[in-house]
Amino acid sequence: MAPSIWLKYLKQGALYTFLTIVAVLQIFPLFWVINYSLSKTGALFGPIFFKIPNPPQWHNFVRAWVDGKIPQYLLNSFIVVTVSVVATTLFAFFISYACMRLEWRGRKWIYALVLAGMMVPIHTTLLPNFIWFLKLHLINTRLGLILPYIAFNISFGTLIFSGIVVNLPKSVEEAAYMDGASLPKILAWVVAPMCKSAFITVAIMTFFSCWNEFIMANTYIAKEELRTIPFSVIRFEGQYRADYAIQFACLVLVALPPLILYFLGSKWIVAGVTAGAIKD
């Protein structure tokens, strides 16, 4: 066998080995959390790092569901996240189309200003937003979470949409104009269908960002009835003791919706992110 073929197989073997190691390192923490969510709390501090629970403590999930107030927090999260996802996706679509397709003074500056939002750390906005929200009576309201969620995700959404909108064929829009279609109809029935991958990508990524967010939720929400799903985990922390097994069960329940959504929409995420990188 020629040396070049051996070298090819060697490179492929090294690549597959590296990818396998990366996959194991990524997946193992998830299995570790699931394993200890079915164990007793004391098992975490035992001499064995990874031990299959025998018997599995299924009641941990029952306690996490009931005592963690997951149904209540879940409803709050779905309301906040759904509104944030819909608003972010639509605003990002409109901004990208206005900046990439329409001709108007200052559009490049507006576009740059929107994208600059990706460079602003969340922590630097907590205090200013808190002061403004106090004056506007938005503390302890769902709107007080929705507004910053939209603000912090619209930059990324605009970037994703822009990469696709800029490459859309103008002839399709021009034909619609010739047929007498108005701009709203063109956006809804011509441009939006061609940006399907971007809509799904932005919606999923915004969902991930808002679903797992805790810092702003902990800052702007103090009412128990308005708290979101991440608060279910810290309900089992005491002054002298924490029930880690129940916390891990909470983590599994909290992680299920994003995991399911990712597996269902992973191909759309890849398509949406890579579409903007392909230039005509």
# chains A, B, ... in the order shown; residues from 1 in each chain; ligands from 1

$ residues_around --residues "A:Gly157" --least-positions-apart "2" --cutoff "7 Å" --atoms "only C-alpha atoms" --output "list of chain:residue names"
A:Thr89, A:Ala92, A:Asn153, A:Ile154, A:Ser155, A:Leu159, A:Ile160, A:Phe161, A:Val202

$ write_last_selection --atoms "N, CA and C atoms" --output "PDB file, in the first residue's frame"
ATOM      1  N   THR A  89     -37.128  37.884  17.044  1.00  0.00           N
ATOM      2  CA  THR A  89     -37.056  37.370  15.674  1.00  0.00           C
ATOM      3  C   THR A  89     -37.644  38.363  14.675  1.00  0.00           C
ATOM      4  N   ALA A  92     -35.435  41.641  14.515  1.00  0.00           N
ATOM      5  CA  ALA A  92     -34.174  41.380  13.817  1.00  0.00           C
ATOM      6  C   ALA A  92     -34.402  41.253  12.312  1.00  0.00           C
ATOM      7  N   ASN A 153     -30.488  40.091  22.588  1.00  0.00           N
ATOM      8  CA  ASN A 153     -30.491  39.051  21.560  1.00  0.00           C
ATOM      9  C   ASN A 153     -30.716  39.591  20.160  1.00  0.00           C
ATOM     10  N   ILE A 154     -31.159  40.840  20.054  1.00  0.00           N
ATOM     11  CA  ILE A 154     -31.501  41.378  18.741  1.00  0.00           C
ATOM     12  C   ILE A 154     -30.262  41.607  17.874  1.00  0.00           C
ATOM     13  N   SER A 155     -29.119  41.846  18.477  1.00  0.00           N
ATOM     14  CA  SER A 155     -27.897  42.062  17.700  1.00  0.00           C
ATOM     15  C   SER A 155     -27.496  40.795  16.954  1.00  0.00           C
ATOM     16  N   LEU A 159     -27.609  40.020  12.838  1.00  0.00           N
ATOM     17  CA  LEU A 159     -26.438  39.531  12.103  1.00  0.00           C
ATOM     18  C   LEU A 159     -26.776  38.292  11.281  1.00  0.00           C
ATOM     19  N   ILE A 160     -27.528  37.355  11.873  1.00  0.00           N
ATOM     20  CA  ILE A 160     -27.910  36.137  11.160  1.00  0.00           C
ATOM     21  C   ILE A 160     -28.812  36.464   9.969  1.00  0.00           C
ATOM     22  N   PHE A 161     -29.815  37.303  10.188  1.00  0.00           N
ATOM     23  CA  PHE A 161     -30.735  37.659   9.108  1.00  0.00           C
ATOM     24  C   PHE A 161     -30.020  38.423   7.995  1.00  0.00           C
ATOM     25  N   VAL A 202     -32.569  31.981  14.678  1.00  0.00           N
ATOM     26  CA  VAL A 202     -32.668  33.074  15.644  1.00  0.00           C
ATOM     27  C   VAL A 202     -33.637  32.712  16.773  1.00  0.00           C
TER      28      VAL A 202
END

$ closest_residue --among "A:Trp6, A:Phe93, A:Tyr73, A:Phe28" --to "A:Ser232" --atoms "only C-alpha atoms"
A:Tyr73

$ closest_residue --among "A:Ala192, A:Ile221, A:Leu115, A:Leu145" --to "A:Val165" --atoms "only C-alpha atoms"
A:Ala192

$ residues_around --residues "A:Phe49" --least-positions-apart "6" --cutoff "12 Å" --atoms "only C-alpha atoms" --output "list in words"
Trp32, Val33, Asn35, Tyr36 and Ala43 of chain A

$ closest_residue --among "A:Ile52, A:Leu7, A:Val22, A:Leu90" --to "A:Ile34" --atoms "only C-alpha atoms"
A:Ile52

$ select_by_dssp --residues "stretch 14-240 of chain A" --states "helix (DSSP H, G or I)" --output "ChimeraX atom specification"
/A:14-37,41-45,59-67,70-100,107-119,123-135,143-165,170-178,183-194,196-211,215-220,224-226,231-234

$ atom_distance --atom1 "atom CA of A:Leu30" --atom2 "atom CA of A:Phe50"
12.4 Å

$ closest_residue --among "A:Pro258, A:Pro169, A:Gly144, A:Pro55" --to "A:Val80" --atoms "only C-alpha atoms"
A:Gly144

$ closest_residue --among "A:Pro121, A:Pro29, A:Pro148, A:Pro71" --to "A:Leu226" --atoms "only C-alpha atoms"
A:Pro71

$ closest_residue --among "A:Leu261, A:Val24, A:Met205, A:Leu251" --to "A:Ser84" --atoms "only C-alpha atoms"
A:Met205

$ atom_distance --atom1 "atom CA of A:Val85" --atom2 "atom CA of A:Ile150"
7.7 Å
